[in-house]
>>> print(open('my_file05.txt').read())   # compact mmCIF, C-alpha atoms and all ligand atoms
# COMPACT_ATOMS: atom_id res chain seq x y z
CA MET A 1 229.89 71.43 -121.18
CA ARG A 2 228.41 68.24 -119.69
CA VAL A 3 224.66 68.12 -119.13
CA ALA A 4 222.64 65.47 -117.26
CA VAL A 5 219.00 65.14 -118.30
CA ILE A 6 216.69 63.38 -115.84
CA GLY A 7 213.86 61.61 -117.68
CA GLY A 8 213.53 60.20 -121.19
CA GLY A 9 210.04 61.39 -122.10
CA VAL A 10 209.44 63.71 -125.03
CA ILE A 11 210.72 66.70 -123.06
CA GLY A 12 213.93 64.99 -121.88
CA CYS A 13 214.67 63.45 -125.29
CA ALA A 14 213.94 66.64 -127.24
CA THR A 15 216.09 68.63 -124.80
CA ALA A 16 218.95 66.13 -125.01
CA LEU A 17 218.82 66.40 -128.79
CA ALA A 18 218.73 70.21 -128.81
CA LEU A 19 221.73 70.29 -126.43
CA ALA A 20 223.72 67.65 -128.33
CA LYS A 21 223.17 69.43 -131.66
CA ARG A 22 224.65 72.55 -130.09
CA GLY A 23 227.76 70.61 -129.02
CA ALA A 24 227.08 69.68 -125.37
CA ASP A 25 228.02 66.27 -123.97
CA VAL A 26 224.71 64.86 -122.79
CA VAL A 27 223.88 62.01 -120.39
CA LEU A 28 220.20 61.05 -120.59
CA LEU A 29 219.03 59.21 -117.47
CA GLU A 30 215.85 57.18 -117.80
CA ARG A 31 214.69 54.76 -115.11
CA ALA A 32 212.55 52.62 -117.46
CA VAL A 33 212.02 52.67 -121.23
CA PRO A 34 212.36 56.08 -122.91
CA GLY A 35 208.92 57.42 -123.82
CA SER A 36 207.07 54.77 -121.85
CA GLU A 37 205.06 57.23 -119.75
CA ALA A 38 202.91 60.26 -120.67
CA SER A 39 204.74 60.85 -123.92
CA SER A 40 203.52 57.62 -125.51
CA ALA A 41 200.06 57.83 -123.94
CA ALA A 42 199.26 61.19 -125.54
CA ALA A 43 196.77 61.73 -128.33
CA GLY A 44 199.27 63.81 -130.29
CA MET A 45 197.11 66.84 -131.06
CA LEU A 46 199.24 69.84 -132.02
CA GLY A 47 196.72 72.57 -131.37
CA ALA A 48 196.78 76.26 -130.62
CA GLY A 49 193.10 76.52 -129.70
CA ALA A 50 191.39 74.97 -126.68
CA GLU A 51 194.73 73.52 -125.53
CA VAL A 52 196.14 76.95 -124.67
CA GLU A 53 195.82 77.44 -120.93
CA GLU A 54 195.30 81.21 -121.16
CA GLU A 55 193.87 83.32 -123.96
CA SER A 56 196.52 86.05 -124.12
CA PRO A 57 197.85 86.86 -127.62
CA GLU A 58 201.40 86.11 -126.35
CA ARG A 59 200.50 82.62 -125.18
CA ILE A 60 198.42 81.79 -128.24
CA SER A 61 201.15 82.94 -130.60
CA TYR A 62 203.66 80.84 -128.60
CA PHE A 63 201.46 77.77 -129.16
CA VAL A 64 201.12 78.63 -132.87
CA ARG A 65 204.93 78.78 -133.15
CA ALA A 66 205.25 75.52 -131.22
CA ARG A 67 202.71 73.81 -133.49
CA ASP A 68 204.28 75.13 -136.67
CA ALA A 69 207.80 74.13 -135.60
CA TYR A 70 206.73 70.52 -136.13
CA ALA A 71 206.78 70.66 -139.94
CA GLU A 72 210.54 71.15 -140.11
CA TRP A 73 211.33 69.12 -136.98
CA THR A 74 209.51 65.98 -138.11
CA GLU A 75 211.11 66.26 -141.55
CA GLU A 76 214.52 66.42 -139.89
CA LEU A 77 213.69 63.36 -137.77
CA ARG A 78 212.58 61.47 -140.87
CA ARG A 79 215.77 62.42 -142.69
CA GLU A 80 218.02 61.39 -139.78
CA THR A 81 216.24 58.19 -138.73
CA GLY A 82 213.93 57.10 -141.56
CA ILE A 83 211.03 57.08 -139.06
CA ASP A 84 207.73 58.64 -140.14
CA VAL A 85 206.24 60.17 -137.00
CA GLY A 86 202.76 60.59 -138.50
CA TYR A 87 202.81 64.39 -138.76
CA ARG A 88 199.69 65.61 -140.59
CA VAL A 89 197.86 68.91 -140.79
CA SER A 90 194.35 67.53 -140.31
CA GLY A 91 192.63 70.49 -138.61
CA ILE A 92 190.49 70.50 -135.47
CA LEU A 93 186.71 70.99 -135.39
CA HIS A 94 185.62 71.98 -131.91
CA VAL A 95 181.92 71.54 -131.03
CA LEU A 96 180.90 74.75 -129.28
CA PRO A 97 178.72 74.37 -126.21
CA ASP A 98 175.50 76.47 -126.43
CA SER A 99 176.61 78.70 -123.56
CA GLY A 100 179.04 78.88 -120.67
CA GLU A 101 182.71 79.49 -119.96
CA GLU A 102 184.11 76.96 -122.43
CA ARG A 103 182.16 78.56 -125.29
CA GLU A 104 183.37 82.04 -124.34
CA LYS A 105 186.95 80.81 -124.08
CA ILE A 106 186.91 79.23 -127.54
CA LEU A 107 185.27 82.30 -129.09
CA ARG A 108 187.97 84.51 -127.58
CA ILE A 109 190.70 82.19 -128.89
CA VAL A 110 189.18 82.30 -132.39
CA SER A 111 189.17 86.09 -132.29
CA VAL A 112 192.75 86.36 -130.94
CA GLN A 113 193.96 83.87 -133.56
CA ARG A 114 192.35 85.93 -136.32
CA GLU A 115 193.96 89.10 -134.97
CA LEU A 116 197.28 87.25 -135.15
CA GLY A 117 196.63 86.47 -138.81
CA GLN A 118 195.81 82.80 -138.18
CA ARG A 119 193.03 80.87 -139.91
CA ALA A 120 190.17 80.20 -137.45
CA GLU A 121 186.45 80.17 -138.23
CA ILE A 122 183.05 79.71 -136.66
CA LEU A 123 180.95 77.34 -138.76
CA ASP A 124 177.37 76.10 -138.70
CA VAL A 125 176.77 72.37 -138.93
CA ALA A 126 176.25 72.37 -142.71
CA ALA A 127 179.62 74.06 -143.32
CA ALA A 128 181.31 71.84 -140.73
CA ARG A 129 179.92 68.71 -142.43
CA GLU A 130 181.36 69.82 -145.74
CA ILE A 131 184.75 69.64 -144.07
CA GLU A 132 183.99 66.48 -142.09
CA PRO A 133 181.02 64.45 -143.43
CA GLU A 134 181.26 62.03 -140.48
CA LEU A 135 179.94 64.71 -138.07
CA ALA A 136 176.46 64.18 -136.63
CA PRO A 137 173.85 66.11 -138.65
CA LYS A 138 172.31 67.74 -135.56
CA ALA A 139 172.32 71.53 -135.30
CA GLY A 140 175.31 73.13 -133.66
CA THR A 141 178.16 75.56 -134.06
CA PHE A 142 181.81 74.69 -134.48
CA ALA A 143 185.13 76.44 -134.13
CA TYR A 144 187.43 75.31 -136.95
CA PHE A 145 191.21 75.50 -136.73
CA PRO A 146 192.33 74.20 -140.15
CA ASP A 147 196.07 74.48 -139.48
CA ASP A 148 196.12 72.43 -136.28
CA SER A 149 198.03 69.25 -136.82
CA GLN A 150 198.89 65.92 -135.23
CA VAL A 151 201.73 63.53 -134.66
CA ASP A 152 201.88 59.91 -133.50
CA PRO A 153 203.48 60.25 -130.03
CA PRO A 154 205.02 56.76 -129.70
CA ALA A 155 206.60 57.16 -133.15
CA LEU A 156 207.84 60.63 -132.21
CA VAL A 157 209.63 59.34 -129.12
CA ARG A 158 211.05 56.39 -131.08
CA ALA A 159 212.46 58.80 -133.67
CA LEU A 160 213.96 61.06 -131.00
CA VAL A 161 215.62 58.07 -129.30
CA ALA A 162 216.89 56.76 -132.65
CA HIS A 163 218.37 60.17 -133.46
CA LEU A 164 219.99 60.41 -130.01
CA GLY A 165 221.40 56.92 -130.48
CA LYS A 166 223.33 58.13 -133.54
CA MET A 167 224.97 61.05 -131.76
CA ARG A 168 228.46 60.47 -130.43
CA ASN A 169 228.14 63.12 -127.73
CA VAL A 170 225.02 61.49 -126.17
CA THR A 171 225.07 58.67 -123.62
CA MET A 172 221.69 57.09 -122.90
CA ARG A 173 221.57 55.31 -119.58
CA ILE A 174 218.39 53.24 -119.60
CA GLY A 175 217.26 51.74 -116.30
CA ALA A 176 219.10 54.45 -114.35
CA VAL A 177 216.90 55.64 -111.47
CA VAL A 178 217.87 59.10 -110.28
CA GLU A 179 217.77 58.98 -106.49
CA ARG A 180 218.64 62.64 -105.77
CA VAL A 181 220.23 65.73 -107.22
CA LEU A 182 223.68 66.60 -105.88
CA LEU A 183 223.79 69.96 -104.15
CA GLU A 184 227.17 71.43 -103.19
CA GLY A 185 226.96 74.81 -101.52
CA ASP A 186 224.16 76.56 -103.35
CA ARG A 187 224.86 74.72 -106.63
CA CYS A 188 223.55 71.61 -108.36
CA THR A 189 226.52 69.54 -109.55
CA GLY A 190 224.79 66.49 -111.00
CA VAL A 191 222.80 63.54 -109.73
CA ALA A 192 223.16 60.33 -107.75
CA LEU A 193 221.63 57.14 -109.12
CA ALA A 194 219.92 54.52 -106.99
CA SER A 195 221.36 51.85 -109.22
CA ALA A 196 223.36 51.57 -112.40
CA PRO A 197 222.15 48.52 -114.34
CA ASP A 198 224.71 49.34 -117.04
CA ASP A 199 227.57 49.02 -114.48
CA GLY A 200 228.32 52.73 -114.99
CA GLU A 201 228.99 55.32 -112.31
CA THR A 202 226.27 55.98 -109.75
CA ILE A 203 227.45 59.55 -109.29
CA VAL A 204 226.92 61.58 -112.45
CA ARG A 205 228.69 64.95 -112.30
CA ALA A 206 227.44 67.63 -114.66
CA ASP A 207 227.85 71.35 -115.31
CA ALA A 208 224.09 71.57 -115.78
CA THR A 209 221.24 69.24 -114.82
CA VAL A 210 217.80 69.29 -116.43
CA LEU A 211 214.80 67.98 -114.51
CA ALA A 212 212.45 66.40 -117.07
CA ALA A 213 210.96 63.62 -114.95
CA GLY A 214 207.33 64.37 -115.88
CA SER A 215 204.79 63.54 -113.17
CA TRP A 216 207.58 62.26 -110.90
CA SER A 217 209.54 65.54 -110.91
CA SER A 218 208.54 66.63 -107.39
CA LEU A 219 209.40 63.23 -105.93
CA ILE A 220 213.15 63.47 -106.55
CA PRO A 221 214.89 64.40 -103.29
CA GLY A 222 216.76 67.67 -103.50
CA MET A 223 213.98 69.40 -105.40
CA ALA A 224 212.33 70.66 -102.24
CA GLY A 225 215.14 73.24 -101.96
CA ALA A 226 214.06 74.88 -105.21
CA ALA A 227 211.71 77.66 -104.20
CA ASP A 228 210.40 78.02 -107.75
CA LEU A 229 209.39 74.37 -108.27
CA SER A 230 205.63 74.51 -107.99
CA PRO A 231 204.42 70.99 -107.18
CA VAL A 232 204.07 68.70 -110.19
CA ARG A 233 201.16 66.27 -109.78
CA PRO A 234 200.01 63.38 -111.96
CA ALA A 235 196.75 64.06 -113.83
CA ARG A 236 195.56 60.72 -115.12
CA GLY A 237 194.22 60.60 -118.66
CA GLN A 238 192.54 57.56 -120.21
CA VAL A 239 192.47 56.78 -123.92
CA VAL A 240 190.43 54.35 -126.06
CA GLN A 241 191.77 53.32 -129.44
CA LEU A 242 189.15 52.48 -132.07
CA GLU A 243 189.74 51.02 -135.53
CA GLU A 244 187.70 52.04 -138.56
CA ARG A 245 188.04 49.88 -141.66
CA PRO A 246 188.11 51.59 -144.04
CA PRO A 247 189.14 54.87 -142.39
CA ARG A 248 186.38 57.50 -142.61
CA LEU A 249 187.02 60.25 -140.07
CA ARG A 250 189.64 62.73 -141.34
CA THR A 251 189.46 65.72 -139.01
CA MET A 252 190.23 65.87 -135.28
CA ILE A 253 187.00 66.44 -133.33
CA VAL A 254 186.70 67.92 -129.83
CA ASN A 255 183.37 67.65 -128.01
CA GLY A 256 183.56 68.83 -124.39
CA HIS A 257 186.05 66.62 -122.56
CA ALA A 258 185.94 64.02 -125.32
CA TYR A 259 187.95 64.09 -128.52
CA ALA A 260 188.71 61.87 -131.48
CA VAL A 261 192.03 61.95 -133.32
CA PRO A 262 191.98 59.96 -136.59
CA ARG A 263 195.44 58.74 -137.47
CA GLY A 264 194.63 58.36 -141.16
CA ASP A 265 195.21 54.59 -141.19
CA GLY A 266 191.92 53.62 -139.50
CA ARG A 267 193.10 54.06 -135.90
CA VAL A 268 191.20 56.73 -133.96
CA TYR A 269 192.54 57.81 -130.55
CA CYS A 270 189.62 58.82 -128.34
CA GLY A 271 190.26 60.68 -125.08
CA SER A 272 190.27 61.65 -122.36
CA THR A 273 189.79 62.19 -118.65
CA VAL A 274 191.63 64.52 -116.28
CA GLU A 275 191.76 62.76 -112.89
CA PHE A 276 193.81 63.56 -109.81
CA VAL A 277 193.97 60.02 -108.39
CA GLY A 278 197.70 59.71 -107.74
CA TYR A 279 199.52 57.11 -109.80
CA ARG A 280 196.65 54.61 -110.10
CA ARG A 281 197.18 53.04 -113.48
CA GLU A 282 193.63 51.85 -114.12
CA VAL A 283 191.35 52.09 -117.12
CA THR A 284 187.90 52.56 -115.63
CA ALA A 285 184.45 51.68 -116.93
CA GLY A 286 183.02 55.15 -116.24
CA ALA A 287 185.81 56.89 -118.13
CA LEU A 288 185.41 54.64 -121.16
CA ARG A 289 181.67 55.31 -121.14
CA ASP A 290 182.15 59.10 -120.95
CA ILE A 291 184.83 59.16 -123.65
CA LEU A 292 182.80 56.98 -126.01
CA ASP A 293 179.53 58.86 -125.30
CA GLY A 294 181.20 62.17 -126.15
CA THR A 295 182.94 60.99 -129.31
CA ILE A 296 180.01 58.94 -130.66
CA ALA A 297 177.60 61.86 -130.05
CA ALA A 298 179.78 63.99 -132.35
CA VAL A 299 180.74 61.22 -134.81
CA PRO A 300 177.97 58.56 -134.79
CA GLY A 301 179.81 56.25 -137.20
CA LEU A 302 182.41 55.53 -134.52
CA ALA A 303 179.81 53.33 -132.80
CA HIS A 304 180.61 50.70 -135.44
CA ALA A 305 184.38 50.87 -135.04
CA ALA A 306 186.25 48.07 -133.28
CA LEU A 307 187.68 48.84 -129.85
CA SER A 308 191.31 47.75 -130.16
CA ALA A 309 193.17 49.13 -127.13
CA THR A 310 192.88 51.22 -123.98
CA TRP A 311 195.56 52.87 -121.85
CA VAL A 312 196.30 55.54 -119.26
CA GLY A 313 199.02 58.14 -118.85
CA PHE A 314 199.97 60.70 -116.21
CA ARG A 315 200.16 64.30 -117.40
CA PRO A 316 202.61 66.34 -115.34
CA HIS A 317 200.34 69.03 -113.91
CA ALA A 318 201.81 72.28 -112.55
CA ASP A 319 200.51 75.83 -112.40
CA ARG A 320 202.26 76.40 -115.71
CA PRO A 321 205.13 74.71 -117.56
CA LEU A 322 208.48 75.09 -115.81
CA VAL A 323 211.11 75.75 -118.45
CA GLY A 324 214.71 76.96 -118.20
CA ARG A 325 216.82 78.31 -115.35
CA SER A 326 215.73 77.41 -111.78
CA SER A 327 216.47 79.24 -108.54
CA ILE A 328 219.32 76.72 -107.92
CA PRO A 329 222.43 77.46 -110.04
CA GLY A 330 223.21 74.53 -112.34
CA LEU A 331 219.65 73.16 -112.23
CA PHE A 332 217.20 73.71 -115.10
CA TRP A 333 213.50 72.91 -115.44
CA GLY A 334 211.80 70.98 -118.23
CA THR A 335 208.61 69.81 -116.60
CA GLY A 336 204.97 70.55 -115.76
CA HIS A 337 203.69 70.58 -119.36
CA TYR A 338 200.37 69.03 -118.33
CA ARG A 339 198.14 68.70 -121.44
CA SER A 340 200.57 70.31 -123.89
CA GLY A 341 203.91 68.53 -123.60
CA ILE A 342 203.82 67.14 -127.11
CA VAL A 343 202.96 70.39 -128.87
CA LEU A 344 205.42 72.39 -126.74
CA ALA A 345 208.31 69.88 -126.86
CA LYS A 346 210.42 71.44 -129.62
CA LEU A 347 210.20 75.03 -128.34
CA THR A 348 210.79 73.90 -124.75
CA ALA A 349 213.90 71.99 -125.82
CA ASP A 350 215.29 74.98 -127.70
CA GLU A 351 214.61 77.29 -124.75
CA ILE A 352 216.36 75.00 -122.27
CA ALA A 353 219.35 74.55 -124.58
CA GLN A 354 219.51 78.33 -125.02
CA SER A 355 219.38 78.99 -121.28
CA ILE A 356 222.15 76.45 -120.58
CA LEU A 357 224.47 77.16 -123.51
CA GLY A 358 223.61 80.79 -124.20
C1 LIG B 1 195.90 60.79 -122.24
C2 LIG B 1 196.83 61.91 -122.58
C3 LIG B 1 196.62 62.65 -123.73
C4 LIG B 1 197.49 63.70 -124.06
N1 LIG B 1 197.30 64.36 -125.22
C5 LIG B 1 198.16 65.35 -125.59
C6 LIG B 1 198.03 66.00 -126.83
O1 LIG B 1 197.15 65.66 -127.62
N2 LIG B 1 198.89 67.01 -127.13
C7 LIG B 1 199.88 67.40 -126.27
O2 LIG B 1 200.62 68.33 -126.60
N3 LIG B 1 200.05 66.77 -125.08
C8 LIG B 1 199.21 65.76 -124.72
N4 LIG B 1 199.36 65.12 -123.52
C9 LIG B 1 200.36 65.62 -122.58
C10 LIG B 1 201.76 65.09 -122.87
O3 LIG B 1 201.69 63.71 -123.09
C11 LIG B 1 202.69 65.42 -121.70
O4 LIG B 1 202.63 66.78 -121.36
C12 LIG B 1 204.15 65.07 -122.09
O5 LIG B 1 204.23 63.78 -122.63
C13 LIG B 1 205.05 65.19 -120.86
O6 LIG B 1 206.32 64.73 -121.25
P1 LIG B 1 207.44 64.53 -120.17
O7 LIG B 1 208.67 64.15 -120.91
O8 LIG B 1 207.49 65.73 -119.29
O9 LIG B 1 206.91 63.35 -119.23
P2 LIG B 1 206.91 61.75 -119.43
O10 LIG B 1 206.64 61.36 -120.82
O11 LIG B 1 206.05 61.20 -118.36
O12 LIG B 1 208.43 61.38 -119.15
C14 LIG B 1 209.02 61.48 -117.90
C15 LIG B 1 210.10 60.41 -117.84
O13 LIG B 1 210.86 60.57 -116.65
C16 LIG B 1 211.20 59.28 -116.18
N5 LIG B 1 211.54 59.39 -114.77
C17 LIG B 1 210.72 59.76 -113.75
N6 LIG B 1 211.39 59.74 -112.58
C18 LIG B 1 212.66 59.35 -112.86
C19 LIG B 1 213.83 59.13 -112.06
N7 LIG B 1 213.83 59.30 -110.73
N8 LIG B 1 214.97 58.73 -112.68
C20 LIG B 1 215.03 58.53 -114.03
N9 LIG B 1 213.92 58.73 -114.83
C21 LIG B 1 212.77 59.13 -114.26
C22 LIG B 1 209.95 58.45 -116.44
O14 LIG B 1 210.23 57.05 -116.47
C23 LIG B 1 209.51 59.00 -117.79
O15 LIG B 1 210.01 58.23 -118.88
C24 LIG B 1 198.55 64.05 -123.18
C25 LIG B 1 198.78 63.27 -122.04
C26 LIG B 1 197.93 62.20 -121.74
C27 LIG B 1 198.21 61.37 -120.51
>>> encode(input="my_file05.txt", output="structure tokens")
Amino acid sequence: MRVAVIGGGVIGCATALALAKRGADVVLLERAVPGSEASSAAAGMLGAGAEVEEESPERISYFVRARDAYAEWTEELRRETGIDVGYRVSGILHVLPDSGEEREKILRIVSVQRELGQRAEILDVAAAREIEPELAPKAGTFAYFPDDSQVDPPALVRALVAHLGKMRNVTMRIGAVVERVLLEGDRCTGVALASAPDDGETIVRADATVLAAGSWSSLIPGMAGAADLSPVRPARGQVVQLEERPPRLRTMIVNGHAYAVPRGDGRVYCGSTVEFVGYRREVTAGALRDILDGTIAAVPGLAHAALSATWVGFRPHADRPLVGRSSIPGLFWGTGHYRSGIVLAKLTADEIAQSILG
């Protein structure tokens, strides 16, 4: 079985790995550098709380499984490649708004998680500060998800690519821009490349083709014929990296749209915005102000941290993640993961491999 995977982000790389481990011959097609888009811009929170797009027990337990799959997966990646992908169970403290929809949503998630046997608590500020002394001492209530974890996304993609590089049944074609999917009769039979910088074939025939082109998924000609591809749009997210020396913050903090993810080595990823502005790759003054206002209000000590980097990424927004068999025989989805592509990567990859290989 030969499978072409379009896109070398976390979804494409994880899917290529899952397929190759099950014996498929895989061609991974990436137009630029694997992991150079959303997958390296992400904050790396592996959460099953506010990140879940709907509060049904089924969806929350899916996110819990996705989060928990990381312990074994990252250990396997370390064993195979020697790369530490920064997996840590550091917990998330979520500042609860005094009222409103967001508060109700988080309270419902806490209660569903508890029904599912998960650890989730509502804490007052004194109890929250025992867990995270860096929190502001002002009154407030917090939802605490102690088992939520994190990973360093650029390291994760590097490890996936290193692992793929060791597999004899994987060909990585870097710089290969997929121009269109090949449709013969009602079937997808592979892809055509706009160029082949590696001097390889520009027609790539495959028994199965996986679309994992992130925010660019809807732009690939041929996709319009797939009735079940809901449009995938770029949702820009901006990130500010701070550096604390020595590191103080230990727990991930979410405060409204702002969050802080301490890496443990002094770096703190602070995010983020959700902006539908096309593919404009700008870091803007207003976004930095909002992100820093939100994180410093929750963790005042961050005001003294050095600002060491800023970046943007485009989350692939769709109505919900598109995973597995499409309405076109031979074509499979692996896109539209929006804010949750890192946490869902391993389960998505396994599902796609299962739907292709059975
Ligand atoms: C600021 C920010 C913070 C985030 N935080 C989190 C978080 O904490 N937790 C979480 O779970 N998720 C988070 N996300 C979301 C997560 O990053 C995405 O859902 C995930 O990375 C999507 O992965 P992907 O592989 O689908 O897309 P991408 O990583 O964008 O990869 C798509 C790849 O396809 C390639 N491609 C596109 N078109 C073509 C073509 N025609 N031919 C060949 N290759 C092509 C691109 O070059 C790219 O490498 C965040 C995202 C952002 C932007």
>>> closest_atom_pairs(input="my_file05.txt", of="stretch 9-110 of chain A", to="stretch 258-263 of chain A", cutoff="10 Å", atoms="only C-alpha atoms", output="tab-separated table")
residue	atom	partner	partner_atom	distance
A:Ala43	CA	A:Val261	CA	6.9
A:Gly44	CA	A:Val261	CA	8.1
A:Met45	CA	A:Val261	CA	7.4
A:Gly86	CA	A:Arg263	CA	7.6
A:Tyr87	CA	A:Arg263	CA	9.4
A:Arg88	CA	A:Arg263	CA	8.7
A:Ser90	CA	A:Pro262	CA	8.8
A:Ile92	CA	A:Val261	CA	8.9
A:Leu93	CA	A:Tyr259	CA	9.8
A:His94	CA	A:Tyr259	CA	8.9
A:Val95	CA	A:Tyr259	CA	9.9
>>> axis_aligned_box(input="my_file05.txt", around="ligand LIG 1 (chain B)", padding_each_side="8 Å", output="AutoDock Vina command-line options")
--center_x 205.5 --center_y 62.7 --center_z -119.2 --size_x 35.1 --size_y 27.3 --size_z 32.9
>>> residues_near_point(input="my_file05.txt", point="(189.2, 55.3, -128.5)", cutoff="9 Å", atoms="all atoms listed in the file", output="JSON, numbers by chain")
{"A": [239, 240, 241, 242, 243, 259, 260, 261, 267, 268, 269, 270, 271, 272, 288, 291, 292, 295, 307, 308, 309, 310]}
>>> residues_near_ligand(input="my_file05.txt", ligand="ligand LIG 1 (chain B)", cutoff="7 Å", atoms="all atoms listed in the file", output="NGL selection string")
:A and (6-12 or 29-46 or 176-179 or 212-217 or 220 or 236-239 or 271-272 or 312-316 or 334-344)
>>> atom_distance(input="my_file05.txt", atom1="atom CA of A:Ala128", atom2="atom CA of A:Gly47")
18.0 Å
>>> atom_distance(input="my_file05.txt", atom1="atom CA of A:Leu193", atom2="atom CA of A:Lys346")
27.4 Å
>>> residues_around(input="my_file05.txt", residues="A:Glu54", least_positions_apart="6", cutoff="10 Å", atoms="only C-alpha atoms", output="list of chain:residue names")
A:Ile60, A:Lys105, A:Ile109
>>> closest_residue(input="my_file05.txt", among="A:Thr202, A:Thr348, A:Ser327, A:Thr171", to="A:Val5", atoms="all atoms listed in the file")
A:Thr171
>>> atom_distance(input="my_file05.txt", atom1="atom CA of A:Pro246", atom2="atom CA of A:Arg129")
19.0 Å
>>> residues_around(input="my_file05.txt", residues="A:Gly91", least_positions_apart="2", cutoff="8 Å", atoms="all atoms listed in the file", output="list in words")
Val89, Leu93, Tyr144, Phe145, Pro146, Asp147, Asp148, Ser149, Thr251 and Met252 of chain A
>>> closest_residue(input="my_file05.txt", among="A:Ser326, A:Lys138, A:Ala297, A:Glu201", to="A:Asp124", atoms="all atoms listed in the file")
A:Lys138
>>> decode(input="my_file05.txt", residues="stretch 107-118 of chain A", atoms="N, CA, C and O atoms", output="compact mmCIF listing (two decimals), in the first residue's frame")
# COMPACT_ATOMS: atom_id res chain seq x y z
N LEU A 107 -17.16 25.47 34.15
CA LEU A 107 -17.77 24.74 35.27
C LEU A 107 -18.36 23.41 34.78
O LEU A 107 -18.24 22.39 35.44
N ARG A 108 -19.00 23.46 33.59
CA ARG A 108 -19.57 22.21 33.06
C ARG A 108 -18.45 21.21 32.75
O ARG A 108 -18.58 20.01 33.02
N ILE A 109 -17.34 21.71 32.19
CA ILE A 109 -16.24 20.80 31.86
C ILE A 109 -15.67 20.16 33.13
O ILE A 109 -15.39 18.96 33.18
N VAL A 110 -15.54 20.97 34.19
CA VAL A 110 -15.04 20.42 35.46
C VAL A 110 -15.98 19.30 35.92
O VAL A 110 -15.54 18.20 36.29
N SER A 111 -17.29 19.56 35.82
CA SER A 111 -18.21 18.54 36.34
C SER A 111 -18.22 17.29 35.46
O SER A 111 -18.22 16.18 35.96
N VAL A 112 -18.14 17.47 34.13
CA VAL A 112 -18.08 16.27 33.26
C VAL A 112 -16.78 15.50 33.53
O VAL A 112 -16.78 14.27 33.63
N GLN A 113 -15.68 16.23 33.66
CA GLN A 113 -14.40 15.54 33.91
C GLN A 113 -14.48 14.71 35.19
O GLN A 113 -14.01 13.58 35.25
N ARG A 114 -15.10 15.28 36.22
CA ARG A 114 -15.20 14.55 37.49
C ARG A 114 -16.07 13.31 37.33
O ARG A 114 -15.76 12.24 37.86
N GLU A 115 -17.16 13.47 36.55
CA GLU A 115 -18.01 12.29 36.30
C GLU A 115 -17.23 11.20 35.57
O GLU A 115 -17.50 10.01 35.73
N LEU A 116 -16.27 11.63 34.75
CA LEU A 116 -15.46 10.65 34.00
C LEU A 116 -14.31 10.09 34.85
O LEU A 116 -13.47 9.35 34.35
N GLY A 117 -14.25 10.53 36.11
CA GLY A 117 -13.21 10.02 36.99
C GLY A 117 -11.90 10.78 36.89
O GLY A 117 -10.86 10.34 37.39
N GLN A 118 -11.94 11.94 36.21
CA GLN A 118 -10.72 12.76 36.08
C GLN A 118 -10.57 13.69 37.27
O GLN A 118 -11.54 14.02 37.95
